[in-house]
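The next block holds one structure in the form of structure tokens; read it before the comments.
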Amino acid sequence: MSEITLTIDGKLCVAKEGESVLNVARRNGIFIPALCYLNNCSPTLACRLCLADVDGKRAYTCNAKIKEGMVVVTKSEEIEKERRAIMEVYDINHPLECGVCDQSGECELQNYTLEMGVDSQSHCIADTQRPSKDWGFIHYDASLCIVCERCITVCKDMIGDSALKTVPRGGAELDKEWKEKTQKDAYAMWNKMQKSIVGLASGGDTLECSDCGECTAVCPVGALVGSDFQYSSNAWELKKIPASNPHSSDCSLMYYDVKHTNTSISKPKIYRVSSEYNYAPLHGGARYGYDFQNEVDGKDEEAFDKAVAFLKNEADTIAFSSYITNEEALILQKLKEKYGYKLINPDAYRYQTFLKNFTKTSGKSLYSGDLDKVRASNFVVSLGGMLRSDSPNAGYAMNNALSMNKGAGIYFHPIGDKVVSGYSKNILSALHVVGAEEAIVYLLLDLFADKEKLPASIKEYLADFHTITKKTITDGEEGQTKEIEVDTNALLEMIGLEEDFCEKVEKLLDKKDTFSLIVGEDVYTHKQSANIAKLLGLLERTTPFDVLLVPSKTNTLGVALICDLSKTRGHKTLGYNEKGDFTLCALGKGDLDMPALNQQEGTFSSMNKRVVPTNVAVPFDGYCLNDIANALDLEREWTVDYTAHLPKKAGFKAVAFDSLPNEFDNAGNENRGYLLEIFELTCSDEIESMSDIKVYKEPLVYRANPINQFSPFTNKAHQLNEAGALYASQEFVASLGLKHKDMVNITNHQGDKLVVAVMVDSSIEGMIPYLPTFDRKIDVSPFFKDGYRFAEVTIKGVSHE
């Protein structure tokens, strides 16, 4: 995009074509008030506070696009008078309950009322009864609502749920005399506020959404708050501790809001999680799954000594999960180097192997994509993941791209998702046969690759899938017949797609020039994962796509870059948040208690290839991994002493933990930690021919978690705690003659058996249900022994046996 210069309040500003005046002003430190606008979302012009004089004419800066040489004046006597009138109208009948309001102290209505010196009221009207609503995780107090529409906008443009809308309020009609006595913009806003209130898009009483809570984050007043947080604390009493999302690999910036437990207990307690909503959304797992800390009374010296003795005298293997920091991963690697332990992490091992194969053909040490690039794209493809549950923030980015960039996209998965299908009319939901991911990547190469860059063997191979036949058609206008050539692609039938799929894609590609491909865990566990990885590397090199390989757990990428991992265990295993002969566990059910991630400081490697810091929210009074390492002669005082020693050969930098920033600036730039260095590598074009797609016998079951559940850590949090189940579409449940919460018996060919309730997931389509991993009381691992996320099973209602 070309650069444009303009002047705002006498300051020369440089901006990019397509930007709004408001965003340019913010980036240049020029304050323009706005109660309705959100970055990366559509302007609604609901509040009108951002008005300014643009080239001598009145305009709203949230909606006004910049032009070369534009002159903007944001302050004048007339503008200030209009803004004050708007704030007076907002304050009409707004309840005077600031002393107990949950937003008091961080309320934008308070702030702007004071900023604009509103110390008297010139307007009045009879109030309307506006009852409060309880919407599950969210409490809505309509009497506090100023109808700024932020909640509606973020739900539609960012999250993709579109669960809220304005509905008739039934307020008193404004007397005509007010039109003469009130400033123009203030009157227009007042008239709208009298007519509207926020309601449910479903028209019912139940909020049908993914429970991300982003609407509560963006609400400028106290109208929308977390039900659990309501009336629990004054905002100004809470200490905000900057951290990174510990539950998934977006590792988004968040704050643990902490203070003492109560007047008699001084121990710190997490009251809620807050975020920088203008720059990075949070999913519900991060927002509500915050209190998963491990509570211990003190150091268990006996258990600690046993752990050290076990490592010295018996263990030859350390098995661990990817819910650890980079520093802990480095400690484990150094223990391996010093004592020869095998390091076992199946999740990170699969990702590590996949990434190595990807880099062989991409020619770079890491993939090029990230969430910012997805948001900036106008054509987005998702492959190999149940997007909204596996990686909600990747789903938000895809929806945001489609919503804000007039974008289009394709969602490839065997399980249909009604919400993803609703992101845009320009998204193709491509439900494919299980195991077809390799063929899909070949199809993407066929559709998008620069054929001049493809190896000759791949070009010939792709050409073999095409059959040119002649077809006679009738001209609709003249009734004459003519013969045309039809190109049939055999890949479509193999994948399970309709014959006109490529034609539909061609239509969606009109005026599209920025491409992103989101890749998920299904392909890392696929039997052809090595070849799929090489094909994706080739795709990144020969097509316009930026590929994002989503790490499947919080620090899968960090572990894959730091640790030399093995595939199989030895004879004696120390488990760290995994089962072992001796287990270190942050869930409080092992041989030696360990701190959870909200009790540690350190860093994660996010899917954005950024090393980001996280901090201690609540203390842990026991031992940590570094204590064990020191007992084994590694000798670092603090775990974060390892931060500056993370391996440079993997792209890390020699930066001390306390020197890492963790913030966004006014321009929306992410100043958090640092970006991993990406190295140029020698390319290889050694790619295998496609293997036959295995034909799976139904019924099948898929390994996935429901929305907002990621692991036993999210399930430990009091707001998210629930029992796991078999989750299925209404269609599937009905096909078994069952209903919601009936019990089912699941068996496989090896005789493994599981009895659970079946729960209807109204957001999915098709005949493939899924089993979760978040509930430790349900062991689903026997059904997925080979690691692949799909498995053949038999499912029957318990009462039917």
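Simple scheme: letters A, B, ... for chains in structure tokens order, numbers from 1 for residues in each chain, numbers from 1 for ligands in the order shown.
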Test item: residues at most 9 Å from Cys151 (chain A), only C-alpha atoms, excluding those fewer than 5 positions along its chain, as an NGL selection string | :A and (156 or 164-165 or 198 or 214-219 or 224)
Every residue of region 416-515 of chain A that DSSP places in strand (DSSP E), as a PyMOL selection string = chain A and resi 416-417+427-430+466-474+481-489+515
Just list the residues in region 341-395 of chain A DSSP gives helix (DSSP H, G or I) on the backbone, as a compact mmCIF listing (two decimals) with N, CA and C atoms, in the first residue's frame.
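Saved file result.txt follows:
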```txt
# COMPACT_ATOMS: atom_id res chain seq x y z
N PRO A 346 4.92 -36.86 23.02
CA PRO A 346 4.36 -37.25 21.72
C PRO A 346 3.82 -36.09 20.92
N ASP A 347 3.17 -35.15 21.58
CA ASP A 347 2.61 -33.99 20.90
C ASP A 347 3.71 -33.17 20.23
N ALA A 348 4.73 -32.80 20.99
CA ALA A 348 5.82 -31.98 20.46
C ALA A 348 6.68 -32.77 19.47
N TYR A 349 6.82 -34.08 19.69
CA TYR A 349 7.60 -34.92 18.77
C TYR A 349 6.97 -34.92 17.38
N ARG A 350 5.64 -35.08 17.33
CA ARG A 350 4.96 -35.08 16.04
C ARG A 350 5.11 -33.71 15.36
N TYR A 351 4.96 -32.64 16.14
CA TYR A 351 5.09 -31.30 15.57
C TYR A 351 6.52 -31.04 15.10
N GLN A 352 7.49 -31.46 15.92
CA GLN A 352 8.91 -31.28 15.59
C GLN A 352 9.25 -31.99 14.28
N THR A 353 8.78 -33.23 14.16
CA THR A 353 9.05 -34.01 12.95
C THR A 353 8.38 -33.37 11.75
N PHE A 354 7.16 -32.91 11.93
CA PHE A 354 6.42 -32.26 10.84
C PHE A 354 7.15 -30.99 10.41
N LEU A 355 7.59 -30.19 11.37
CA LEU A 355 8.26 -28.92 11.05
C LEU A 355 9.57 -29.19 10.31
N LYS A 356 10.30 -30.22 10.71
CA LYS A 356 11.56 -30.54 10.03
C LYS A 356 11.31 -30.90 8.57
N ASN A 357 10.27 -31.68 8.32
CA ASN A 357 9.95 -32.04 6.94
C ASN A 357 9.45 -30.84 6.14
N PHE A 358 8.69 -29.97 6.80
CA PHE A 358 8.21 -28.75 6.15
C PHE A 358 9.37 -27.88 5.69
N THR A 359 10.37 -27.73 6.55
CA THR A 359 11.49 -26.84 6.23
C THR A 359 12.36 -27.38 5.10
N LYS A 360 12.30 -28.69 4.84
CA LYS A 360 13.11 -29.27 3.76
C LYS A 360 12.71 -28.71 2.41
N THR A 361 11.42 -28.42 2.23
CA THR A 361 10.95 -27.92 0.94
C THR A 361 10.60 -26.43 0.95
N SER A 362 10.39 -25.86 2.14
CA SER A 362 10.07 -24.42 2.20
C SER A 362 11.32 -23.57 2.07
N LEU A 371 -1.05 -14.86 13.01
CA LEU A 371 -2.44 -14.40 13.12
C LEU A 371 -2.63 -13.02 12.51
N ASP A 372 -1.63 -12.16 12.60
CA ASP A 372 -1.75 -10.84 11.98
C ASP A 372 -1.87 -10.96 10.47
N LYS A 373 -1.10 -11.88 9.89
CA LYS A 373 -1.18 -12.08 8.44
C LYS A 373 -2.52 -12.68 8.04
N VAL A 374 -3.06 -13.56 8.88
CA VAL A 374 -4.39 -14.11 8.60
C VAL A 374 -5.41 -12.98 8.59
N ARG A 375 -5.37 -12.11 9.61
CA ARG A 375 -6.32 -10.99 9.69
C ARG A 375 -6.19 -10.04 8.50
N ALA A 376 -4.98 -9.92 7.97
CA ALA A 376 -4.74 -9.00 6.86
C ALA A 376 -5.06 -9.63 5.50
N LEU A 387 -11.34 -25.93 13.91
CA LEU A 387 -10.76 -24.61 14.11
C LEU A 387 -11.21 -23.92 15.39
N ARG A 388 -12.50 -23.84 15.63
CA ARG A 388 -12.99 -23.02 16.75
C ARG A 388 -12.66 -23.62 18.11
N SER A 389 -12.50 -24.93 18.20
CA SER A 389 -12.15 -25.53 19.49
C SER A 389 -10.64 -25.76 19.61
N ASP A 390 -9.98 -26.15 18.51
CA ASP A 390 -8.54 -26.37 18.56
C ASP A 390 -7.77 -25.08 18.77
N PRO A 392 -9.14 -21.26 18.88
CA PRO A 392 -10.16 -20.22 18.72
C PRO A 392 -9.63 -18.92 18.12
N ASN A 393 -8.42 -18.52 18.52
CA ASN A 393 -7.91 -17.24 18.02
C ASN A 393 -7.60 -17.29 16.53
N ALA A 394 -7.25 -18.46 16.02
CA ALA A 394 -7.09 -18.61 14.57
C ALA A 394 -8.45 -18.48 13.89
N GLY A 395 -9.49 -19.01 14.54
CA GLY A 395 -10.84 -18.85 14.03
C GLY A 395 -11.27 -17.40 14.03
```
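Pairwise distance (CA of Asp291 (chain A), CA of Trp135 (chain A)) equals 21.5 Å.
Compared by their closest atoms to Glu314 (chain A), and using only C-alpha atoms, the residues A:Thr714, A:Asn705, A:Thr573, A:Asn748 rank with A:Thr573 nearest.
Between CA of Cys683 (chain A) and CA of Val559 (chain A) lies a distance of 24.4 Å.
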Skipping near chain neighbours, those fewer than 5 positions away, what residues fall within 7 Å of region 442-455 of chain A using only C-alpha atoms, listed as number ranges by chain?
-> A: 462, 491, 539, 542-543, 685
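Ranking A:Ile270, A:Val225, A:Cys145, A:Asp546 by their shortest atom-to-atom distance to Pro619 (chain A), with only C-alpha atoms included, puts A:Ile270 first.
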Gap from CA of Arg169 (chain A) to CA of Tyr231 (chain A) - Å, one decimal | 26.0 Å
All residues 12 Å or closer to Leu114 (chain A), only C-alpha atoms, same chain fewer than 5 positions away omitted, as a ChimeraX atom specification | /A:84,87-88,91,107-109,119-120
Can you check which parts of region 578-609 of chain A lie within 10 Å of region 638-641 of chain A? Per residue, the shortest pair of atoms and distance in Å to one decimal, counting only C-alpha atoms, sorted by chain and number, as CSV.
```
residue,atom,partner,partner_atom,distance
A:Gln600,CA,A:Thr639,CA,8.9
A:Glu601,CA,A:Val640,CA,6.9
A:Gly602,CA,A:Val640,CA,5.7
A:Thr603,CA,A:Val640,CA,8.4
```
Just-selected residues, C-alpha atoms written as an mmCIF file, in the first residue's frame:
```
data_model
loop_
_atom_site.group_PDB
_atom_site.id
_atom_site.type_symbol
_atom_site.label_atom_id
_atom_site.label_comp_id
_atom_site.auth_asym_id
_atom_site.auth_seq_id
_atom_site.Cartn_x
_atom_site.Cartn_y
_atom_site.Cartn_z
ATOM 1 C CA GLN A 600 5.446 -19.485 37.257
ATOM 2 C CA GLU A 601 7.424 -16.870 35.415
ATOM 3 C CA GLY A 602 9.048 -17.733 32.145
ATOM 4 C CA THR A 603 8.341 -17.615 28.426
#
```
